[in-house]
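Peer 1: My structure is stored as final_24.txt, with compact mmCIF, C-alpha atoms.
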# COMPACT_ATOMS: atom_id res chain seq x y z
CA MET A 1 -40.47 -3.94 -34.56
CA ASN A 2 -41.24 -0.26 -34.76
CA SER A 3 -38.66 2.31 -35.86
CA ARG A 4 -38.15 3.56 -32.33
CA LYS A 5 -37.14 0.12 -31.15
CA ARG A 6 -34.83 -0.33 -34.14
CA LEU A 7 -33.14 2.99 -33.40
CA PHE A 8 -32.68 1.96 -29.77
CA ILE A 9 -31.09 -1.38 -30.76
CA ALA A 10 -28.81 0.35 -33.31
CA LEU A 11 -27.68 2.86 -30.69
CA PHE A 12 -27.15 0.09 -28.15
CA VAL A 13 -25.03 -1.95 -30.60
CA ALA A 14 -23.03 1.15 -31.51
CA PHE A 15 -22.48 1.91 -27.82
CA ILE A 16 -21.20 -1.61 -27.08
CA THR A 17 -18.94 -1.62 -30.17
CA PHE A 18 -17.38 1.75 -29.38
CA SER A 19 -16.93 0.94 -25.69
CA GLU A 20 -15.03 -2.22 -26.59
CA LEU A 21 -12.88 -0.33 -29.06
CA ALA A 22 -12.22 2.22 -26.37
CA VAL A 23 -11.13 -0.49 -23.90
CA ALA A 24 -8.73 -2.00 -26.43
CA GLN A 25 -7.14 1.31 -27.37
CA ALA A 26 -7.09 3.32 -24.15
CA PRO A 27 -4.28 3.21 -21.62
CA SER A 28 -6.64 1.21 -19.40
CA GLY A 29 -5.52 -1.80 -21.45
CA ILE A 30 -2.22 -1.55 -19.57
CA PRO A 31 -1.96 -4.10 -16.76
CA ASP A 32 -2.65 -2.76 -13.28
CA ILE A 33 0.55 -3.38 -11.33
CA SER A 34 -0.07 -0.70 -8.70
CA GLY A 35 -0.01 -1.73 -5.06
CA SER A 36 2.19 -3.50 -2.53
CA TRP A 37 4.37 -6.47 -3.51
CA GLU A 38 6.79 -8.80 -1.79
CA ARG A 39 9.48 -11.03 -3.23
CA ALA A 40 8.25 -14.46 -4.31
CA ARG A 41 11.48 -16.43 -4.29
CA GLU A 42 9.92 -19.46 -5.99
CA ALA A 43 9.04 -17.21 -8.95
CA SER A 44 12.55 -15.77 -9.19
CA ILE A 45 15.21 -17.00 -11.58
CA PRO A 46 18.72 -16.47 -10.19
CA ALA A 47 21.62 -15.60 -12.49
CA GLN A 48 23.28 -18.69 -13.91
CA GLY A 49 26.72 -19.20 -12.39
CA GLN A 50 29.00 -16.29 -11.67
CA PRO A 51 28.57 -12.82 -13.15
CA PRO A 52 30.02 -12.77 -16.70
CA LEU A 53 32.94 -10.49 -15.85
CA LYS A 54 35.97 -10.15 -18.10
CA PRO A 55 38.91 -12.15 -16.64
CA GLN A 56 40.75 -9.17 -15.08
CA PHE A 57 37.57 -8.04 -13.26
CA MET A 58 36.50 -11.58 -12.39
CA LYS A 59 39.72 -12.23 -10.48
CA GLU A 60 39.35 -9.06 -8.43
CA TRP A 61 35.70 -9.90 -7.65
CA GLN A 62 36.48 -13.49 -6.62
CA VAL A 63 39.31 -12.36 -4.33
CA ARG A 64 37.02 -9.80 -2.72
CA GLN A 65 34.18 -12.31 -2.25
CA GLN A 66 36.57 -14.86 -0.73
CA ALA A 67 37.96 -12.21 1.63
CA ALA A 68 34.39 -11.38 2.70
CA ARG A 69 33.61 -15.06 3.35
CA ASP A 70 36.85 -15.55 5.31
CA ALA A 71 36.23 -12.43 7.40
CA SER A 72 32.68 -13.57 8.21
CA ALA A 73 33.90 -17.05 9.17
CA LYS A 74 36.32 -15.39 11.61
CA GLY A 75 33.48 -13.38 13.17
CA ALA A 76 34.90 -10.07 11.89
CA PRO A 77 32.80 -9.31 8.77
CA ILE A 78 33.84 -6.63 6.28
CA ALA A 79 31.49 -3.70 6.81
CA GLU A 80 28.98 -3.23 4.00
CA ARG A 81 27.32 0.01 2.86
CA VAL A 82 24.29 -0.65 5.07
CA VAL A 83 26.45 -0.01 8.17
CA HIS A 84 26.55 3.59 6.92
CA CYS A 85 22.78 3.69 6.29
CA LEU A 86 23.34 3.64 2.53
CA PRO A 87 20.61 2.16 0.30
CA ASP A 88 21.02 -0.66 -2.25
CA GLY A 89 20.43 1.48 -5.33
CA MET A 90 19.84 -0.21 -8.68
CA PRO A 91 19.33 -3.06 -9.27
CA GLY A 92 19.72 -4.23 -5.65
CA MET A 93 16.57 -2.43 -4.49
CA MET A 94 14.51 -4.67 -6.78
CA ALA A 95 15.76 -7.71 -4.81
CA GLY A 96 13.90 -6.69 -1.64
CA PRO A 97 14.17 -8.00 0.98
CA PHE A 98 11.38 -5.69 2.22
CA PRO A 99 8.04 -5.07 0.50
CA MET A 100 7.79 -2.53 -2.32
CA GLU A 101 5.00 -0.35 -3.68
CA ILE A 102 4.35 0.41 -7.34
CA LEU A 103 2.41 3.54 -8.34
CA GLN A 104 1.17 4.08 -11.90
CA SER A 105 0.43 7.68 -12.76
CA LYS A 106 0.21 9.65 -15.99
CA GLY A 107 3.53 9.29 -17.78
CA GLN A 108 5.31 7.67 -14.82
CA VAL A 109 5.71 4.44 -12.90
CA THR A 110 7.15 4.91 -9.41
CA ILE A 111 8.68 2.11 -7.37
CA ILE A 112 9.20 2.51 -3.62
CA GLN A 113 11.26 -0.06 -1.72
CA GLU A 114 10.40 0.01 1.98
CA ALA A 115 13.98 -0.63 3.17
CA TYR A 116 15.82 2.69 3.28
CA THR A 117 12.75 4.33 1.62
CA GLN A 118 14.29 3.89 -1.82
CA VAL A 119 12.40 5.53 -4.67
CA ARG A 120 12.88 5.19 -8.42
CA ARG A 121 10.89 7.03 -11.04
CA ILE A 122 10.41 5.48 -14.48
CA GLN A 123 9.38 8.10 -17.02
CA LEU A 124 7.17 6.65 -19.73
CA ASP A 125 7.61 7.27 -23.46
CA LYS A 126 10.64 9.51 -23.01
CA GLN A 127 13.95 9.25 -24.80
CA GLN A 128 16.84 7.93 -22.73
CA LYS A 129 19.51 10.57 -22.15
CA PRO A 130 23.12 10.04 -23.20
CA VAL A 131 24.98 8.53 -20.20
CA ASP A 132 27.20 11.61 -19.87
CA ASP A 133 24.13 13.85 -19.45
CA VAL A 134 22.95 11.92 -16.39
CA GLU A 135 24.43 12.82 -13.00
CA PRO A 136 25.44 9.41 -11.59
CA GLY A 137 23.31 8.32 -8.63
CA PHE A 138 21.98 5.33 -6.73
CA TYR A 139 18.99 4.72 -9.03
CA GLY A 140 20.09 6.25 -12.34
CA ASN A 141 17.77 7.67 -15.00
CA SER A 142 14.97 5.28 -15.99
CA VAL A 143 12.73 5.50 -19.06
CA GLY A 144 10.10 2.95 -20.01
CA ARG A 145 7.33 2.07 -22.42
CA TRP A 146 4.58 -0.52 -22.56
CA GLU A 147 5.11 -3.09 -25.31
CA GLY A 148 1.77 -4.88 -25.18
CA ASN A 149 1.54 -6.22 -21.63
CA THR A 150 5.24 -5.80 -20.90
CA LEU A 151 6.78 -2.71 -19.33
CA VAL A 152 10.21 -2.31 -20.90
CA VAL A 153 12.62 -0.09 -18.92
CA ASP A 154 16.11 1.19 -19.57
CA THR A 155 18.29 2.67 -16.83
CA VAL A 156 21.63 4.47 -17.13
CA GLY A 157 23.68 6.63 -14.76
CA VAL A 158 24.13 4.26 -11.81
CA ARG A 159 27.14 5.31 -9.75
CA GLU A 160 30.14 3.01 -10.20
CA ASN A 161 30.39 2.38 -6.44
CA VAL A 162 26.73 1.29 -6.27
CA ARG A 163 27.31 -2.41 -6.81
CA TYR A 164 24.88 -5.31 -6.83
CA GLN A 165 26.51 -8.30 -5.07
CA ASN A 166 29.78 -6.35 -5.17
CA VAL A 167 29.94 -6.81 -8.96
CA PRO A 168 31.82 -3.91 -10.58
CA HIS A 169 30.45 -1.93 -13.52
CA SER A 170 31.54 1.08 -15.57
CA LYS A 171 29.74 4.39 -16.14
CA ASP A 172 28.34 2.87 -19.36
CA LEU A 173 26.17 0.29 -17.57
CA HIS A 174 22.67 -0.18 -18.97
CA ILE A 175 20.09 -1.98 -16.87
CA ARG A 176 17.30 -3.30 -19.06
CA GLU A 177 14.13 -4.58 -17.40
CA ARG A 178 11.01 -6.35 -18.62
CA PHE A 179 8.09 -6.28 -16.16
CA SER A 180 5.27 -8.72 -16.90
CA LEU A 181 2.21 -9.71 -14.91
CA GLY A 182 1.40 -13.41 -15.19
CA ALA A 183 -2.09 -14.91 -15.26
CA ASN A 184 -1.26 -16.34 -11.80
CA GLY A 185 -0.93 -12.80 -10.43
CA ILE A 186 2.86 -13.04 -10.12
CA LEU A 187 4.78 -9.99 -11.31
CA ARG A 188 8.18 -10.67 -12.83
CA ASP A 189 11.06 -8.26 -13.41
CA GLU A 190 13.60 -9.75 -15.81
CA ILE A 191 16.77 -7.73 -15.37
CA THR A 192 19.63 -7.68 -17.85
CA MET A 193 22.79 -5.76 -17.03
CA GLU A 194 24.86 -4.75 -20.03
CA ASP A 195 28.32 -3.29 -19.72
CA PRO A 196 30.71 -4.13 -22.59
CA THR A 197 33.63 -2.53 -20.72
CA ILE A 198 33.40 -4.91 -17.74
CA PHE A 199 31.14 -7.80 -18.79
CA GLU A 200 31.87 -10.43 -21.45
CA LYS A 201 28.16 -10.76 -22.12
CA PRO A 202 24.90 -9.49 -20.57
CA TRP A 203 24.07 -10.66 -17.04
CA THR A 204 20.43 -11.70 -16.60
CA PHE A 205 18.30 -12.66 -13.62
CA THR A 206 14.61 -12.40 -12.71
CA PHE A 207 12.86 -11.34 -9.53
CA GLY A 208 9.29 -12.54 -8.91
CA TYR A 209 6.80 -10.74 -6.67
CA ARG A 210 3.41 -11.56 -5.18
CA ARG A 211 0.75 -9.07 -4.14
CA MET A 212 0.28 -7.99 -0.52
CA PRO A 213 -3.36 -6.84 -0.85
CA ASP A 214 -3.78 -5.21 2.56
CA TYR A 215 -0.22 -4.07 3.20
CA LEU A 216 0.68 -0.39 3.49
CA LEU A 217 4.41 0.31 3.35
CA LEU A 218 5.94 1.27 6.69
CA GLU A 219 8.29 4.21 7.09
CA TYR A 220 11.99 3.43 7.21
CA ILE A 221 14.54 5.90 8.53
CA CYS A 222 18.07 4.76 9.24
CA GLU A 223 19.19 6.50 12.44
CA ASP A 224 21.72 6.15 15.29
CA ASN A 225 23.14 2.92 13.94
CA ARG A 226 25.34 1.38 16.60
CA GLN A 227 27.15 -0.73 14.06
CA TYR A 228 30.21 1.06 12.69
CA THR A 229 33.23 0.44 10.49
CA ASP A 230 36.59 0.32 12.25
CA GLU A 231 39.89 1.50 10.75
CA LYS A 232 40.42 -1.92 9.15
CA GLY A 233 37.02 -1.81 7.44
CA ILE A 234 35.52 -4.39 9.83
CA GLN A 235 31.95 -4.14 11.14
CA GLN A 236 31.88 -3.46 14.88
CA ILE A 237 29.19 -2.63 17.40
CA ARG A 238 29.25 0.41 19.70
CA VAL A 239 28.67 -1.10 23.10
CA GLN A 240 28.34 2.33 24.73
CA PRO A 241 25.52 4.31 23.10
CA ALA A 242 26.11 7.81 21.73
CA LYS A 243 25.29 10.37 24.42
CA MET B 1 27.17 -43.61 -11.14
CA ASN B 2 24.45 -41.25 -12.19
CA ALA B 3 25.93 -38.78 -14.69
CA GLY B 4 23.56 -36.08 -13.46
CA LYS B 5 24.93 -36.17 -9.93
CA PRO B 6 28.06 -34.01 -10.28
CA MET B 7 25.93 -31.41 -12.07
CA LYS B 8 23.43 -31.58 -9.22
CA TYR B 9 26.15 -30.94 -6.63
CA PHE B 10 27.62 -28.21 -8.83
CA ARG B 11 24.22 -26.50 -8.96
CA LEU B 12 23.80 -26.93 -5.21
CA GLY B 13 27.24 -25.36 -4.72
CA LEU B 14 26.28 -22.44 -6.92
CA ALA B 15 23.03 -22.00 -5.00
CA ILE B 16 24.94 -21.91 -1.70
CA LEU B 17 27.43 -19.42 -3.20
CA ALA B 18 24.55 -17.27 -4.38
CA MET B 19 22.96 -17.36 -0.93
CA THR B 20 26.25 -16.41 0.72
CA GLY B 21 26.49 -13.52 -1.70
CA SER B 22 23.11 -12.11 -0.79
CA ALA B 23 23.64 -12.68 2.93
CA LEU B 24 26.91 -10.76 2.74
CA ALA B 25 25.12 -7.87 1.13
CA HIS B 26 23.09 -7.16 4.26
CA HIS B 27 23.74 -6.67 7.94
CA SER B 28 26.04 -9.38 9.13
CA PHE B 29 25.33 -11.29 12.32
CA ALA B 30 28.73 -13.03 12.00
CA VAL B 31 30.00 -11.05 15.00
CA TYR B 32 27.78 -13.15 17.28
CA ASP B 33 28.43 -16.63 18.69
CA HIS B 34 26.32 -19.21 16.84
CA THR B 35 27.25 -22.02 19.27
CA ARG B 36 25.63 -20.83 22.50
CA THR B 37 23.02 -18.50 23.94
CA LEU B 38 22.90 -16.68 27.26
CA ASN B 39 19.87 -15.90 29.42
CA LEU B 40 19.63 -12.89 31.65
CA THR B 41 17.06 -10.97 33.66
CA GLY B 42 17.54 -7.26 34.20
CA SER B 43 16.17 -3.79 34.07
CA VAL B 44 15.65 -1.93 30.76
CA ALA B 45 18.05 1.03 30.65
CA ARG B 46 17.35 2.02 27.03
CA TRP B 47 15.04 0.76 24.30
CA GLN B 48 16.21 2.11 20.97
CA TRP B 49 13.41 1.62 18.42
CA THR B 50 15.34 2.40 15.21
CA ASN B 51 16.41 1.15 11.84
CA PRO B 52 18.49 -0.48 10.57
CA HIS B 53 18.17 -2.36 13.88
CA ALA B 54 16.59 -1.94 17.29
CA TYR B 55 18.83 -1.96 20.40
CA LEU B 56 17.99 -2.96 23.95
CA ASP B 57 20.29 -1.96 26.82
CA ILE B 58 19.77 -3.97 30.00
CA ASP B 59 21.31 -3.36 33.44
CA VAL B 60 22.08 -6.34 35.64
CA LYS B 61 23.02 -5.89 39.31
CA ASP B 62 25.45 -8.23 41.03
CA ALA B 63 25.26 -9.26 44.75
CA LYS B 64 27.22 -6.14 45.76
CA GLY B 65 24.90 -3.84 43.85
CA ALA B 66 27.34 -3.06 41.03
CA VAL B 67 25.57 -2.58 37.70
CA LYS B 68 26.73 -4.11 34.42
CA ARG B 69 25.12 -2.99 31.18
CA TYR B 70 24.43 -5.37 28.27
CA VAL B 71 23.78 -4.03 24.76
CA LEU B 72 21.57 -6.30 22.69
CA GLU B 73 21.02 -5.83 18.96
CA GLY B 74 17.61 -6.58 17.47
CA THR B 75 16.46 -6.66 13.87
CA SER B 76 14.86 -4.02 11.65
CA ILE B 77 11.84 -2.50 13.39
CA ASN B 78 9.94 -2.97 10.11
CA MET B 79 10.43 -6.73 10.30
CA MET B 80 9.51 -6.60 13.99
CA GLN B 81 6.28 -4.69 13.24
CA ARG B 82 5.35 -7.24 10.58
CA ASN B 83 5.78 -9.86 13.31
CA GLY B 84 3.51 -8.15 15.81
CA TRP B 85 6.05 -6.04 17.72
CA ARG B 86 5.26 -2.47 18.83
CA SER B 87 7.59 0.12 20.32
CA ASN B 88 5.45 0.43 23.47
CA MET B 89 5.87 -3.22 24.46
CA ILE B 90 9.09 -2.37 26.32
CA LYS B 91 9.56 0.58 28.66
CA HIS B 92 12.46 2.07 30.58
CA GLY B 93 12.74 0.28 33.94
CA ASP B 94 10.83 -2.86 32.89
CA GLN B 95 12.15 -6.09 34.43
CA ILE B 96 12.51 -8.44 31.49
CA LYS B 97 14.14 -11.73 30.64
CA VAL B 98 16.10 -12.13 27.41
CA VAL B 99 17.84 -14.85 25.42
CA PHE B 100 20.75 -13.67 23.29
CA ALA B 101 23.71 -14.91 21.24
CA PRO B 102 26.78 -13.30 22.83
CA LEU B 103 29.22 -11.06 20.97
CA LEU B 104 32.31 -13.10 20.04
CA THR B 105 34.68 -10.45 21.46
CA GLY B 106 33.43 -11.20 24.98
CA GLU B 107 32.12 -7.65 25.52
CA PRO B 108 28.77 -7.47 27.34
CA ALA B 109 26.68 -7.47 24.17
CA GLY B 110 24.77 -9.82 21.95
CA LEU B 111 22.10 -10.53 19.37
CA LEU B 112 18.62 -10.48 20.88
CA LEU B 113 16.70 -13.67 20.02
CA GLU B 114 13.83 -13.78 22.51
CA VAL B 115 12.28 -11.51 25.14
CA THR B 116 9.92 -12.29 28.03
CA LEU B 117 8.12 -8.97 28.47
CA ALA B 118 7.22 -7.41 31.82
CA ASN B 119 3.67 -8.84 31.45
CA GLY B 120 5.07 -12.36 31.04
CA GLU B 121 4.47 -12.61 27.29
CA LYS B 122 7.29 -14.31 25.42
CA LYS B 123 8.22 -12.90 22.01
CA GLU B 124 10.81 -14.05 19.51
CA LEU B 125 12.67 -11.65 17.22
CA PRO B 126 12.44 -12.15 13.44
CA VAL B 127 16.18 -12.84 13.12
CA PRO B 128 16.89 -14.34 9.67
CA ALA B 129 18.13 -17.95 9.99
CA ILE B 130 17.44 -17.85 13.73
CA ASN B 131 17.76 -21.64 13.88
CA THR B 132 21.49 -21.35 13.10
CA PHE B 133 21.95 -19.96 16.64
CA LYS B 134 22.28 -22.99 18.93
CA ARG B 135 20.23 -22.52 22.12
CA THR B 136 22.01 -23.34 25.37
CA PRO B 137 20.60 -22.72 28.86
CA ASP B 138 23.58 -20.72 30.22
CA GLN B 139 22.70 -17.97 32.65
CA VAL B 140 24.58 -14.69 32.90
CA GLN B 141 26.16 -14.69 36.37
CA PRO B 142 26.04 -11.18 37.73
The structure in this file should be written as structure tokens.
Peer 2:
Amino acid sequence: MNSRKRLFIALFVAFITFSELAVAQAPSGIPDISGSWERAREASIPAQGQPPLKPQFMKEWQVRQQAARDASAKGAPIAERVVHCLPDGMPGMMAGPFPMEILQSKGQVTIIQEAYTQVRRIQLDKQQKPVDDVEPGFYGNSVGRWEGNTLVVDTVGVRENVRYQNVPHSKDLHIRERFSLGANGILRDEITMEDPTIFEKPWTFTFGYRRMPDYLLLEYICEDNRQYTDEKGIQQIRVQPAK
Amino acid sequence: MNAGKPMKYFRLGLAILAMTGSALAHHSFAVYDHTRTLNLTGSVARWQWTNPHAYLDIDVKDAKGAVKRYVLEGTSINMMQRNGWRSNMIKHGDQIKVVFAPLLTGEPAGLLLEVTLANGEKKELPVPAINTFKRTPDQVQP
């Protein structure tokens, strides 16, 4: 082997070694979760039993749920927020039922839920703000970081009247999420709601999602809804359209 | 008796409760009659292609020429598009046939389950749990 050949081999080996190091260390080692997803119910893990509310809140919730079931059985359902074109907010928007899109950009992961065009922005590697510094909203303030292959997210500042399955929470609610992409291509979001004021212990459930490779999210504008809420809070339908 | 059985029923009960919970969280179709459907043929007075739901207003003329308007609620237009529906499939003035679950109050309204378009093509709506609406052959008598 002449010296030229040896130099070439040495350079080639060095190139391969450094490229591999680069792959292991660069942000490209982060799983690619960008794209369109839909709920995969078989990959979801529902919450076990009822939400772990403290007794005084549990009673109120059970009475409310029973009233809703009774009203539905009578054909006069209690109007829900959707009658007023209001979105789910967190964590309800992660439940679907419509497809969602995830965008990974520098320092941010953005999740768009097609229904009601709900958008949440997860800022990466930022400190969470104190709850009182966050203006309460539908999605709250989300910060996240990659721990190996898992995206760990913390959310605070969800408005108290933005309730998942009508379950109450206080202004101190933390929603902790762990996103992980399985070898089978299923994305999981394990959600834990923590609220020591209202809950006896954390409330955990997991949503699973499968890819929709060729699906582009459709627009969703809520307009001219002919459902309305009557004076008793019951959902009605406007038989005569608005002029 | 199998000791696992009560637990199994308990879990099943919880699953049903959980399902009820999520169903309650969205648009309720509880205002519609699940025990019968009505069929009618009429003229499209208004085709409202909107979210959260589409609406179809149909005029039916009786023997004396008096017009009665029916308001039929559809589903989200996003779900409809994913099931092959397009806004231009129905136009003002089209003569179409529909199957719907009537509003329980007796008003001339209902939940749209199936449409036979002006070109004769029959299309179902992507109503969740559509099989819980019992089909009956009743015709709307103008």
Peer 1: Which residues of chain B come within 6 Å of chain A, and what is each one's closest atom pair and distance in Å (one decimal), counting all atoms listed in the file, sorted by chain and residue number, as a Markdown table?
Peer 2:
| residue | atom | partner | partner_atom | distance |
| --- | --- | --- | --- | --- |
| B:Ala30 | CA | A:Gly75 | CA | 4.9 |
| B:Val31 | CA | A:Gly75 | CA | 4.6 |
| B:Asn51 | CA | A:Cys222 | CA | 4.7 |
| B:Pro52 | CA | A:Cys222 | CA | 5.4 |
| B:Val71 | CA | A:Val239 | CA | 5.9 |
Peer 1: How about saving the chosen residues, C-alpha atoms kept, as a short mmCIF file (atom, residue, chain, number, x, y, z; two decimals), in the frame of the given file?
Peer 2:
data_model
loop_
_atom_site.label_atom_id
_atom_site.label_comp_id
_atom_site.auth_asym_id
_atom_site.auth_seq_id
_atom_site.Cartn_x
_atom_site.Cartn_y
_atom_site.Cartn_z
CA ALA B 30 28.73 -13.03 12.00
CA VAL B 31 30.00 -11.05 15.00
CA ASN B 51 16.41 1.15 11.84
CA PRO B 52 18.49 -0.48 10.57
CA VAL B 71 23.78 -4.03 24.76
#
Peer 1: Fewer than 6 positions away in the same chain doesn't count, so skip those; otherwise give me all residues within 8 Å of Lys201 (chain A), counting all atoms listed in the file, as a ChimeraX atom specification.
Peer 2: /A:52-53,194-195
Peer 1: For the residues in that selection, give me C-alpha atoms as a compact mmCIF listing (two decimals), in the frame of the given file.
Peer 2:
# COMPACT_ATOMS: atom_id res chain seq x y z
CA PRO A 52 30.02 -12.77 -16.70
CA LEU A 53 32.94 -10.49 -15.85
CA GLU A 194 24.86 -4.75 -20.03
CA ASP A 195 28.32 -3.29 -19.72
Peer 1: Do you have the CA of Trp49 (chain B)-CA of Asn88 (chain B) distance handy?
Peer 2: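 Result for CA of Trp49 (chain B) versus CA of Asn88 (chain B): 9.5 Å, one decimal.
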Peer 1: Hey, what's within 10 Å of Asp214 (chain A) if we count only C-alpha atoms and toss same-chain stuff fewer than 2 positions away? As a list in words, please?
Peer 2: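 Here the qualifying residues turn out to be Gly35, Ser36, Arg211, Met212, Leu216 and Leu217 of chain A.
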Peer 1: With C-alpha atoms retained, could you export that selection as an mmCIF file, keeping the file's coordinate frame?
Peer 2:
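Listed below is the output, again-v1.cif:
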data_model
loop_
_atom_site.group_PDB
_atom_site.id
_atom_site.type_symbol
_atom_site.label_atom_id
_atom_site.label_comp_id
_atom_site.auth_asym_id
_atom_site.auth_seq_id
_atom_site.Cartn_x
_atom_site.Cartn_y
_atom_site.Cartn_z
ATOM 1 C CA GLY A 35 -0.010 -1.730 -5.060
ATOM 2 C CA SER A 36 2.190 -3.500 -2.530
ATOM 3 C CA ARG A 211 0.750 -9.070 -4.140
ATOM 4 C CA MET A 212 0.280 -7.990 -0.520
ATOM 5 C CA LEU A 216 0.680 -0.390 3.490
ATOM 6 C CA LEU A 217 4.410 0.310 3.350
#
Peer 1: Select, counting all atoms listed in the file, all protein, DNA and RNA residues no farther than 10 Å from (19.5, -0.2, -8.4) in file coordinates, and express the selection as a PyMOL selection string.
Peer 2: chain A and resi 87-95+118-120+137-140+155+158-159+162-164+175
Peer 1: Rounded to one decimal in Å, what is the spacing between CA of Ser28 (chain B) and CA of Lys171 (chain A)?
Peer 2: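 CA of Lys171 (chain A) lies at a distance of 29.0 Å from CA of Ser28 (chain B).
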Peer 1: At a cut-off of 9 Å, using only C-alpha atoms, what residues contact region 176-181 of chain A? Leave out same-chain residues fewer than 6 positions from it and give the result as a ChimeraX atom specification.
Peer 2: /A:31-33,144,149-155,187-194
